[in-house]
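J.: Got my_file06.cif for you, mmCIF, C-alpha atoms and all ligand atoms:
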data_work
#
loop_
_atom_site.label_atom_id
_atom_site.label_comp_id
_atom_site.auth_asym_id
_atom_site.auth_seq_id
_atom_site.Cartn_x
_atom_site.Cartn_y
_atom_site.Cartn_z
CA MET O 1 -42.67 3.64 -115.84
CA SER O 2 -44.85 6.72 -116.14
CA ARG O 3 -43.58 9.66 -118.17
CA ARG O 4 -44.81 11.95 -115.41
CA GLU O 5 -42.55 10.35 -112.80
CA LEU O 6 -39.44 12.28 -111.69
CA PRO O 7 -36.13 10.88 -113.00
CA PRO O 8 -33.93 9.03 -110.47
CA VAL O 9 -31.54 11.11 -108.36
CA PRO O 10 -28.17 10.49 -110.06
CA GLU O 11 -24.88 9.62 -108.45
CA ARG O 12 -23.41 12.62 -106.63
CA LEU O 13 -21.13 14.77 -108.80
CA PRO O 14 -17.43 14.49 -107.81
CA VAL O 15 -17.41 18.22 -106.91
CA PRO O 16 -20.36 20.48 -106.10
CA THR O 17 -21.98 22.80 -108.60
CA VAL O 18 -24.89 25.27 -108.87
CA ASP O 19 -28.26 25.18 -110.66
CA SER O 20 -28.27 28.78 -111.90
CA HIS O 21 -31.88 28.91 -113.06
CA THR O 22 -34.90 27.01 -111.83
CA HIS O 23 -38.52 27.64 -110.86
CA LEU O 24 -39.02 25.84 -107.54
CA ASP O 25 -42.58 27.15 -107.13
CA ALA O 26 -43.55 25.78 -110.56
CA CYS O 27 -41.97 22.46 -109.50
CA GLY O 28 -44.52 22.38 -106.67
CA ALA O 29 -42.01 23.25 -103.92
CA THR O 30 -43.86 26.23 -102.46
CA THR O 31 -43.60 25.64 -98.69
CA PRO O 32 -40.45 25.78 -96.52
CA GLU O 33 -40.66 21.98 -96.17
CA GLY O 34 -41.10 21.45 -99.91
CA VAL O 35 -38.22 23.78 -100.70
CA ARG O 36 -35.96 22.05 -98.19
CA ALA O 37 -36.81 18.62 -99.64
CA ALA O 38 -36.02 19.77 -103.20
CA LEU O 39 -32.73 21.30 -102.03
CA ASP O 40 -31.86 18.11 -100.13
CA ARG O 41 -32.41 16.07 -103.30
CA ALA O 42 -30.27 18.58 -105.21
CA GLU O 43 -27.50 18.40 -102.63
CA ALA O 44 -27.53 14.59 -102.78
CA ALA O 45 -26.65 14.91 -106.49
CA GLY O 46 -23.94 17.54 -105.86
CA ILE O 47 -26.05 20.62 -106.59
CA ALA O 48 -25.01 22.73 -103.61
CA ALA O 49 -26.92 25.91 -104.43
CA VAL O 50 -29.89 26.93 -106.54
CA VAL O 51 -31.18 30.19 -108.02
CA THR O 52 -34.99 30.16 -108.20
CA VAL O 53 -36.46 32.57 -110.73
CA ALA O 54 -39.77 34.49 -110.80
CA ASP O 55 -41.63 35.18 -113.99
CA ASP O 56 -44.54 37.28 -112.71
CA LEU O 57 -45.36 39.49 -109.75
CA ALA O 58 -46.89 36.79 -107.56
CA SER O 59 -43.89 34.58 -108.17
CA ALA O 60 -41.53 37.51 -107.51
CA ARG O 61 -43.14 38.05 -104.10
CA TRP O 62 -42.72 34.36 -103.36
CA VAL O 63 -39.08 34.29 -104.54
CA ALA O 64 -38.13 37.32 -102.41
CA GLU O 65 -39.52 35.55 -99.35
CA ALA O 66 -38.52 31.95 -100.10
CA SER O 67 -34.91 32.81 -100.91
CA GLY O 68 -34.49 33.55 -97.20
CA TRP O 69 -35.70 30.10 -96.13
CA ASP O 70 -32.52 28.14 -96.81
CA ASP O 71 -28.82 29.01 -97.15
CA ARG O 72 -28.66 26.98 -100.36
CA LEU O 73 -31.34 29.07 -102.06
CA HIS O 74 -31.06 32.40 -103.89
CA GLY O 75 -33.56 34.28 -106.03
CA ALA O 76 -34.00 36.28 -109.23
CA VAL O 77 -36.99 38.50 -110.02
CA ALA O 78 -38.31 40.21 -113.14
CA LEU O 79 -41.37 40.21 -115.35
CA HIS O 80 -41.07 37.51 -118.04
CA PRO O 81 -41.14 39.00 -121.58
CA THR O 82 -44.35 37.13 -122.41
CA ARG O 83 -46.13 38.97 -119.55
CA THR O 84 -45.13 42.53 -120.44
CA LYS O 85 -48.21 43.58 -122.43
CA ASP O 86 -49.61 45.91 -119.75
CA PHE O 87 -46.52 46.46 -117.59
CA SER O 88 -47.67 49.16 -115.17
CA ASP O 89 -45.77 51.70 -113.08
CA GLU O 90 -47.11 50.02 -109.93
CA GLU O 91 -45.65 46.68 -111.07
CA LYS O 92 -42.33 48.33 -111.85
CA ALA O 93 -42.21 49.92 -108.41
CA GLU O 94 -42.95 46.61 -106.70
CA LEU O 95 -40.38 44.70 -108.75
CA GLU O 96 -37.79 47.32 -107.96
CA ARG O 97 -38.50 46.87 -104.25
CA LEU O 98 -38.39 43.06 -104.46
CA VAL O 99 -35.18 42.93 -106.49
CA ARG O 100 -33.37 44.77 -103.71
CA ALA O 101 -34.02 41.90 -101.25
CA GLU O 102 -30.72 40.65 -99.89
CA ARG O 103 -30.91 37.10 -101.27
CA VAL O 104 -32.26 38.16 -104.65
CA VAL O 105 -29.06 37.90 -106.68
CA ALA O 106 -30.20 38.82 -110.21
CA VAL O 107 -32.71 40.72 -112.34
CA GLY O 108 -34.38 37.98 -114.39
CA GLU O 109 -35.77 36.56 -116.34
CA THR O 110 -36.15 39.39 -118.83
CA GLY O 111 -35.47 39.72 -122.54
CA LEU O 112 -37.43 38.91 -125.67
CA ASP O 113 -39.63 35.99 -126.69
CA TYR O 114 -40.69 36.01 -130.34
CA TYR O 115 -41.94 32.42 -130.19
CA TRP O 116 -45.11 33.19 -128.21
CA ASP O 117 -47.22 36.21 -129.07
CA TYR O 118 -48.74 37.04 -125.69
CA SER O 119 -47.02 40.43 -125.72
CA PRO O 120 -46.17 42.55 -128.78
CA PRO O 121 -42.46 43.01 -129.59
CA GLU O 122 -42.53 46.74 -128.75
CA ALA O 123 -43.90 46.10 -125.25
CA GLN O 124 -41.28 43.38 -124.71
CA GLN O 125 -38.49 45.67 -125.89
CA ASP O 126 -39.61 48.53 -123.62
CA ALA O 127 -39.76 46.15 -120.63
CA PHE O 128 -36.35 44.70 -121.51
CA ARG O 129 -34.84 48.22 -121.60
CA TRP O 130 -36.42 48.96 -118.23
CA HIS O 131 -34.95 45.78 -116.71
CA ILE O 132 -31.49 46.56 -118.15
CA ASP O 133 -31.61 49.95 -116.47
CA LEU O 134 -32.88 48.36 -113.25
CA ALA O 135 -29.97 45.90 -113.18
CA LYS O 136 -27.52 48.77 -113.53
CA ARG O 137 -29.24 50.83 -110.84
CA VAL O 138 -29.29 48.01 -108.27
CA GLY O 139 -25.89 46.61 -109.29
CA LYS O 140 -27.15 43.05 -109.87
CA PRO O 141 -26.59 40.80 -112.89
CA LEU O 142 -29.09 40.64 -115.74
CA MET O 143 -30.53 37.18 -116.50
CA ILE O 144 -31.80 37.01 -120.05
CA HIS O 145 -34.58 34.99 -121.65
CA ASP O 146 -33.95 34.94 -125.42
CA ARG O 147 -36.29 32.84 -127.52
CA GLU O 148 -35.99 33.27 -131.27
CA ALA O 149 -34.82 36.86 -130.71
CA HIS O 150 -31.00 36.65 -130.66
CA ASP O 151 -30.31 39.64 -132.94
CA ASP O 152 -32.69 42.01 -131.17
CA VAL O 153 -31.52 40.95 -127.70
CA LEU O 154 -27.88 41.58 -128.62
CA ALA O 155 -28.70 44.87 -130.37
CA ILE O 156 -30.69 46.23 -127.41
CA LEU O 157 -27.96 45.22 -124.96
CA GLU O 158 -25.43 47.05 -127.09
CA SER O 159 -27.50 50.18 -127.62
CA GLU O 160 -28.57 50.47 -123.96
CA GLY O 161 -25.16 49.52 -122.60
CA ALA O 162 -25.05 46.10 -120.92
CA PRO O 163 -24.72 45.78 -117.13
CA ASP O 164 -21.39 44.39 -115.84
CA GLU O 165 -22.74 40.84 -115.67
CA VAL O 166 -25.10 39.40 -118.27
CA VAL O 167 -26.29 35.78 -118.27
CA PHE O 168 -28.04 34.17 -121.23
CA HIS O 169 -30.31 31.71 -119.44
CA CYS O 170 -31.03 28.48 -121.34
CA PHE O 171 -28.73 29.57 -124.14
CA SER O 172 -30.38 28.55 -127.41
CA GLY O 173 -28.24 30.09 -130.14
CA ASP O 174 -25.78 28.51 -132.57
CA ALA O 175 -21.99 28.87 -132.67
CA ASP O 176 -22.19 32.31 -134.28
CA VAL O 177 -24.49 33.71 -131.57
CA ALA O 178 -22.36 32.05 -128.88
CA ARG O 179 -19.22 33.69 -130.24
CA ARG O 180 -20.90 37.12 -130.24
CA CYS O 181 -21.96 36.58 -126.60
CA VAL O 182 -18.52 35.33 -125.56
CA ASP O 183 -16.81 38.29 -127.25
CA ALA O 184 -19.14 40.69 -125.44
CA GLY O 185 -18.17 39.10 -122.10
CA TYR O 186 -21.57 37.54 -121.45
CA VAL O 187 -22.06 34.26 -119.58
CA LEU O 188 -23.92 31.38 -121.26
CA SER O 189 -26.07 29.10 -119.13
CA PHE O 190 -26.77 25.62 -120.50
CA ALA O 191 -29.94 23.68 -119.68
CA GLY O 192 -31.01 20.11 -120.45
CA THR O 193 -31.60 21.13 -124.07
CA VAL O 194 -27.85 20.86 -124.70
CA THR O 195 -28.07 17.11 -124.03
CA PHE O 196 -30.90 16.50 -126.52
CA ARG O 197 -29.95 14.20 -129.39
CA ASN O 198 -31.03 16.62 -132.13
CA ALA O 199 -29.34 19.72 -130.62
CA ARG O 200 -26.34 19.80 -132.97
CA ALA O 201 -26.10 23.59 -133.43
CA LEU O 202 -26.46 24.18 -129.69
CA GLN O 203 -23.83 21.53 -128.92
CA GLU O 204 -21.43 23.17 -131.35
CA ALA O 205 -22.05 26.46 -129.50
CA ALA O 206 -21.44 24.82 -126.11
CA ARG O 207 -18.05 23.53 -127.23
CA LEU O 208 -16.62 26.98 -127.92
CA VAL O 209 -17.57 28.71 -124.64
CA PRO O 210 -14.55 29.33 -122.38
CA ASP O 211 -14.68 27.71 -118.93
CA GLU O 212 -14.98 31.17 -117.33
CA GLN O 213 -18.21 31.97 -119.21
CA LEU O 214 -20.43 28.92 -118.69
CA LEU O 215 -23.16 28.11 -116.20
CA ILE O 216 -25.42 25.08 -115.69
CA GLU O 217 -29.15 25.24 -115.05
CA THR O 218 -32.30 23.12 -115.12
CA ASP O 219 -35.07 25.65 -115.91
CA ALA O 220 -37.15 23.08 -114.00
CA PRO O 221 -39.87 21.92 -114.21
CA PHE O 222 -39.17 22.15 -117.98
CA LEU O 223 -36.38 20.89 -120.27
CA THR O 224 -35.48 17.70 -118.43
CA PRO O 225 -32.12 16.43 -119.74
CA HIS O 226 -31.58 13.33 -121.87
CA PRO O 227 -32.45 10.46 -121.35
CA PHE O 228 -35.40 11.72 -119.28
CA ARG O 229 -36.75 14.29 -121.76
CA GLY O 230 -40.51 14.71 -121.24
CA ARG O 231 -40.41 13.77 -117.54
CA PRO O 232 -40.65 16.45 -114.80
CA ASN O 233 -37.43 18.28 -113.98
CA GLU O 234 -35.94 19.37 -110.63
CA PRO O 235 -32.68 21.05 -109.60
CA TYR O 236 -30.96 17.69 -108.92
CA CYS O 237 -31.29 16.89 -112.64
CA ALA O 238 -28.65 19.57 -113.33
CA ALA O 239 -26.17 16.78 -112.56
CA TYR O 240 -27.23 14.98 -115.75
CA THR O 241 -26.58 18.14 -117.76
CA VAL O 242 -23.12 18.56 -116.20
CA VAL O 243 -22.20 15.03 -117.27
CA GLY O 244 -23.61 15.57 -120.79
CA LEU O 245 -21.85 18.91 -121.20
CA ALA O 246 -18.53 17.45 -119.99
CA GLU O 247 -18.85 14.67 -122.55
CA LEU O 248 -19.47 17.00 -125.46
CA ARG O 249 -16.72 19.44 -124.38
CA LYS O 250 -14.34 16.49 -123.83
CA GLN O 251 -13.59 17.66 -120.30
CA PRO O 252 -13.64 15.84 -116.96
CA VAL O 253 -17.02 16.10 -115.18
CA GLU O 254 -15.31 17.80 -112.23
CA ALA O 255 -13.89 20.55 -114.48
CA VAL O 256 -17.35 21.49 -115.80
CA ALA O 257 -19.02 21.25 -112.38
CA ASP O 258 -16.28 23.32 -110.76
CA ALA O 259 -16.27 25.98 -113.50
CA ALA O 260 -20.06 26.36 -113.30
CA ARG O 261 -19.85 26.71 -109.50
CA ARG O 262 -17.05 29.27 -109.58
CA ASN O 263 -18.81 31.29 -112.28
CA ALA O 264 -22.13 31.24 -110.41
CA GLU O 265 -20.40 32.40 -107.22
CA ARG O 266 -18.67 35.19 -109.10
CA VAL O 267 -21.59 36.38 -111.26
CA PHE O 268 -24.31 36.13 -108.59
CA ARG O 269 -21.96 36.87 -105.67
CA LEU O 270 -23.35 33.84 -103.82
CA ARG O 271 -22.74 33.70 -100.12
CA SER O 272 -24.04 31.38 -97.45
CA GLY O 273 -23.85 32.66 -93.90
CA GLY O 274 -21.12 35.11 -94.84
CA CYS O 275 -18.75 32.72 -96.63
CA GLU O 276 -18.50 31.06 -100.02
CA ILE O 277 -21.13 28.35 -100.49
CA VAL O 278 -18.72 25.40 -100.54
ZN ZN O 301 -36.91 30.00 -116.63
#
Would you kindly transcribe this structure into structure tokens?
Ligand SMILES: [Zn+2]

T.:
Amino acid sequence: MSRRELPPVPERLPVPTVDSHTHLDACGATTPEGVRAALDRAEAAGIAAVVTVADDLASARWVAEASGWDDRLHGAVALHPTRTKDFSDEEKAELERLVRAERVVAVGETGLDYYWDYSPPEAQQDAFRWHIDLAKRVGKPLMIHDREAHDDVLAILESEGAPDEVVFHCFSGDADVARRCVDAGYVLSFAGTVTFRNARALQEAARLVPDEQLLIETDAPFLTPHPFRGRPNEPYCAAYTVVGLAELRKQPVEAVADAARRNAERVFRLRSGGCEIV
């Protein structure tokens, strides 16, 4: 079997849940038909709703439009920290317009990435502060990308004053960072990385997060959960992560799926045709 082949669609989860962070355009689902097919596959696995996330301006334009194509789809827009080197006033004005679109439910992904050096730390920090302020002005949750920058992300949130709802997408800290996030009232979103065999510190972190503060995501097309690591990822693969997370938290699968759905509905205020999604 080729490593580039998509994993099988798993058995449907016993209760529906939400993929809180994916990149459908990067998965190749860029047309209304492609989006619908990806969402159908997700629904077959019990993933009833999906938040697709932009990381640059072109993607943000696409997300603002595509999130209106299907009741199961919602969007998030921001400029990814690695792209903030020459963040212009024109780009800020356009992002601010796009983030106000009705089905754009979050400002993200923004934050700090000290792993790549495409953008200097100062430019990233300025852009992060701008996005924090934007989230507060538009009253939408802040979706954070934090790669090897836990201390600075937490310090900037504290000094700027965090918005009401803060999500750490693809949480990657250890138990100590998780406890600091939990105590601050932030929500921690777990991706396929939590199922990786060598992810001991992350798994320890995932065990201590209260049910009310956890989300599930794919970050597709990246971070495909165990045992399909290295293969392409899609929103339906969130079901594998739910099962893995339930196992390591010693909870029933339905408890984790249901908590992640309720939290996503609360944090992102998800609605479909005027009522709760499920
Ligand atoms: Zn992402």

J.: List as a PyMOL selection string the protein and nucleic acid residues lying within 12 Å of ligand ZN 301 (chain O), with all atoms listed in the file counted.

T.: chain O and resi 19-27+51-56+59+75-82+108-111+143-147+168-171+189-191+217-223

J.: I need the residues from that last selection saved to file as a PDB file, in the frame of the given file (with C-alpha atoms), if you can.

T.:
ATOM      1  CA  ASP O  19     -28.260  25.180-110.660  1.00  0.00           C
ATOM      2  CA  SER O  20     -28.270  28.780-111.900  1.00  0.00           C
ATOM      3  CA  HIS O  21     -31.880  28.910-113.060  1.00  0.00           C
ATOM      4  CA  THR O  22     -34.900  27.010-111.830  1.00  0.00           C
ATOM      5  CA  HIS O  23     -38.520  27.640-110.860  1.00  0.00           C
ATOM      6  CA  LEU O  24     -39.020  25.840-107.540  1.00  0.00           C
ATOM      7  CA  ASP O  25     -42.580  27.150-107.130  1.00  0.00           C
ATOM      8  CA  ALA O  26     -43.550  25.780-110.560  1.00  0.00           C
ATOM      9  CA  CYS O  27     -41.970  22.460-109.500  1.00  0.00           C
ATOM     10  CA  VAL O  51     -31.180  30.190-108.020  1.00  0.00           C
ATOM     11  CA  THR O  52     -34.990  30.160-108.200  1.00  0.00           C
ATOM     12  CA  VAL O  53     -36.460  32.570-110.730  1.00  0.00           C
ATOM     13  CA  ALA O  54     -39.770  34.490-110.800  1.00  0.00           C
ATOM     14  CA  ASP O  55     -41.630  35.180-113.990  1.00  0.00           C
ATOM     15  CA  ASP O  56     -44.540  37.280-112.710  1.00  0.00           C
ATOM     16  CA  SER O  59     -43.890  34.580-108.170  1.00  0.00           C
ATOM     17  CA  GLY O  75     -33.560  34.280-106.030  1.00  0.00           C
ATOM     18  CA  ALA O  76     -34.000  36.280-109.230  1.00  0.00           C
ATOM     19  CA  VAL O  77     -36.990  38.500-110.020  1.00  0.00           C
ATOM     20  CA  ALA O  78     -38.310  40.210-113.140  1.00  0.00           C
ATOM     21  CA  LEU O  79     -41.370  40.210-115.350  1.00  0.00           C
ATOM     22  CA  HIS O  80     -41.070  37.510-118.040  1.00  0.00           C
ATOM     23  CA  PRO O  81     -41.140  39.000-121.580  1.00  0.00           C
ATOM     24  CA  THR O  82     -44.350  37.130-122.410  1.00  0.00           C
ATOM     25  CA  GLY O 108     -34.380  37.980-114.390  1.00  0.00           C
ATOM     26  CA  GLU O 109     -35.770  36.560-116.340  1.00  0.00           C
ATOM     27  CA  THR O 110     -36.150  39.390-118.830  1.00  0.00           C
ATOM     28  CA  GLY O 111     -35.470  39.720-122.540  1.00  0.00           C
ATOM     29  CA  MET O 143     -30.530  37.180-116.500  1.00  0.00           C
ATOM     30  CA  ILE O 144     -31.800  37.010-120.050  1.00  0.00           C
ATOM     31  CA  HIS O 145     -34.580  34.990-121.650  1.00  0.00           C
ATOM     32  CA  ASP O 146     -33.950  34.940-125.420  1.00  0.00           C
ATOM     33  CA  ARG O 147     -36.290  32.840-127.520  1.00  0.00           C
ATOM     34  CA  PHE O 168     -28.040  34.170-121.230  1.00  0.00           C
ATOM     35  CA  HIS O 169     -30.310  31.710-119.440  1.00  0.00           C
ATOM     36  CA  CYS O 170     -31.030  28.480-121.340  1.00  0.00           C
ATOM     37  CA  PHE O 171     -28.730  29.570-124.140  1.00  0.00           C
ATOM     38  CA  SER O 189     -26.070  29.100-119.130  1.00  0.00           C
ATOM     39  CA  PHE O 190     -26.770  25.620-120.500  1.00  0.00           C
ATOM     40  CA  ALA O 191     -29.940  23.680-119.680  1.00  0.00           C
ATOM     41  CA  GLU O 217     -29.150  25.240-115.050  1.00  0.00           C
ATOM     42  CA  THR O 218     -32.300  23.120-115.120  1.00  0.00           C
ATOM     43  CA  ASP O 219     -35.070  25.650-115.910  1.00  0.00           C
ATOM     44  CA  ALA O 220     -37.150  23.080-114.000  1.00  0.00           C
ATOM     45  CA  PRO O 221     -39.870  21.920-114.210  1.00  0.00           C
ATOM     46  CA  PHE O 222     -39.170  22.150-117.980  1.00  0.00           C
ATOM     47  CA  LEU O 223     -36.380  20.890-120.270  1.00  0.00           C
TER      48      LEU O 223
END

J.: Considering only C-alpha atoms, state which residue in the set O:Ala66, O:Asp126, O:Tyr186, O:Asp164 is at the smallest distance from Gly34 of chain O.

T.: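 The shortest atom-to-atom distance to Gly34 of chain O comes from O:Ala66.
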
J.: Find the residue from O:Thr31, O:Ser67, O:Ser159, O:Thr17 that sits nearest to Ala48 of chain O; use only C-alpha atoms when measuring.

T.: O:Thr17

J.: From the set O:Lys92, O:Arg137, O:Arg179, O:Arg36, which residue has the shortest atom-to-atom contact distance to Leu73 of chain O, counting all atoms listed in the file?

T.: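 Closest to Leu73 of chain O of all the choices is O:Arg36.
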
J.: So, with all atoms listed in the file as the atoms that count, which of O:Val243, O:Leu134, O:Leu208, O:Leu215 lies closest to Ala93 of chain O?

T.: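 Closest candidate: O:Leu134.
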
J.: Do you have, as a tab-separated table, the list of residues of segment 42-125 of chain O lying at most 9 Å from segment 4-15 of chain O, each with its nearest atom pair and that distance in Å to one decimal, counting all atoms listed in the file and ordered by chain then number?

T.:
residue	atom	partner	partner_atom	distance
O:Ala42	CA	O:Val9	CA	8.2
O:Glu43	CA	O:Arg12	CA	8.1
O:Ala44	CA	O:Arg12	CA	6.0
O:Ala45	CA	O:Arg12	CA	4.0
O:Gly46	CA	O:Leu13	CA	4.9
O:Ile47	CA	O:Leu13	CA	8.0

J.: Starting from the sparse input, extend segment 192-202 of chain O to all heavy atoms and give the output as a CSV table (one decimal), in the frame of the given file.

T.:
chain,number,residue,atom,x,y,z
O,192,GLY,N,-30.9,21.5,-119.9
O,192,GLY,CA,-31.0,20.1,-120.4
O,192,GLY,C,-31.1,20.0,-122.0
O,192,GLY,O,-30.7,19.0,-122.6
O,193,THR,N,-31.5,21.1,-122.6
O,193,THR,CA,-31.6,21.1,-124.1
O,193,THR,C,-30.3,20.8,-124.7
O,193,THR,O,-30.3,20.2,-125.8
O,193,THR,CB,-32.0,22.5,-124.6
O,193,THR,OG1,-31.3,23.5,-123.8
O,193,THR,CG2,-33.5,22.7,-124.3
O,194,VAL,N,-29.2,21.1,-124.1
O,194,VAL,CA,-27.8,20.9,-124.7
O,194,VAL,C,-27.6,19.4,-124.8
O,194,VAL,O,-26.7,18.9,-125.6
O,194,VAL,CB,-26.7,21.6,-123.9
O,194,VAL,CG1,-26.3,20.9,-122.7
O,194,VAL,CG2,-25.5,21.9,-124.8
O,195,THR,N,-28.3,18.6,-124.0
O,195,THR,CA,-28.1,17.1,-124.0
O,195,THR,C,-29.0,16.4,-125.0
O,195,THR,O,-28.9,15.2,-125.2
O,195,THR,CB,-28.3,16.5,-122.6
O,195,THR,OG1,-29.7,16.6,-122.3
O,195,THR,CG2,-27.5,17.2,-121.6
O,196,PHE,N,-29.9,17.1,-125.6
O,196,PHE,CA,-30.9,16.5,-126.5
O,196,PHE,C,-30.2,16.0,-127.8
O,196,PHE,O,-29.3,16.7,-128.3
O,196,PHE,CB,-32.0,17.5,-126.9
O,196,PHE,CG,-33.0,17.9,-125.8
O,196,PHE,CD1,-33.9,18.9,-126.0
O,196,PHE,CD2,-32.9,17.3,-124.5
O,196,PHE,CE1,-34.8,19.2,-124.9
O,196,PHE,CE2,-33.7,17.6,-123.5
O,196,PHE,CZ,-34.7,18.6,-123.7
O,197,ARG,N,-30.6,14.9,-128.3
O,197,ARG,CA,-30.0,14.2,-129.4
O,197,ARG,C,-29.9,15.1,-130.6
O,197,ARG,O,-28.9,15.0,-131.4
O,197,ARG,CB,-30.7,12.9,-129.7
O,197,ARG,CG,-30.4,11.8,-128.8
O,197,ARG,CD,-29.2,11.0,-129.3
O,197,ARG,NE,-28.5,10.2,-128.2
O,197,ARG,CZ,-29.0,9.0,-127.8
O,197,ARG,NH1,-30.0,8.5,-128.3
O,197,ARG,NH2,-28.3,8.4,-126.8
O,198,ASN,N,-31.0,15.9,-130.9
O,198,ASN,CA,-31.0,16.6,-132.1
O,198,ASN,C,-30.5,18.0,-132.0
O,198,ASN,O,-30.7,18.9,-132.9
O,198,ASN,CB,-32.5,16.7,-132.6
O,198,ASN,CG,-33.4,17.3,-131.6
O,198,ASN,OD1,-33.0,17.6,-130.5
O,198,ASN,ND2,-34.7,17.4,-131.9
O,199,ALA,N,-29.8,18.3,-130.9
O,199,ALA,CA,-29.3,19.7,-130.6
O,199,ALA,C,-27.9,20.0,-131.2
O,199,ALA,O,-27.1,20.6,-130.5
O,199,ALA,CB,-29.4,20.0,-129.1
O,200,ARG,N,-27.7,19.7,-132.4
O,200,ARG,CA,-26.3,19.8,-133.0
O,200,ARG,C,-25.8,21.2,-132.9
O,200,ARG,O,-24.6,21.5,-132.5
O,200,ARG,CB,-26.3,19.3,-134.4
O,200,ARG,CG,-26.6,17.8,-134.5
O,200,ARG,CD,-25.7,17.1,-135.5
O,200,ARG,NE,-26.1,15.8,-135.7
O,200,ARG,CZ,-26.1,14.8,-134.8
O,200,ARG,NH1,-25.6,15.0,-133.6
O,200,ARG,NH2,-26.6,13.6,-135.1
O,201,ALA,N,-26.6,22.2,-133.4
O,201,ALA,CA,-26.1,23.6,-133.4
O,201,ALA,C,-25.8,24.1,-132.0
O,201,ALA,O,-24.8,24.8,-131.8
O,201,ALA,CB,-27.1,24.5,-134.1
O,202,LEU,N,-26.7,23.8,-131.1
O,202,LEU,CA,-26.5,24.2,-129.7
O,202,LEU,C,-25.2,23.5,-129.1
O,202,LEU,O,-24.4,24.1,-128.4
O,202,LEU,CB,-27.7,23.8,-128.9
O,202,LEU,CG,-27.7,24.1,-127.4
O,202,LEU,CD1,-27.4,25.6,-127.1
O,202,LEU,CD2,-29.0,23.7,-126.7
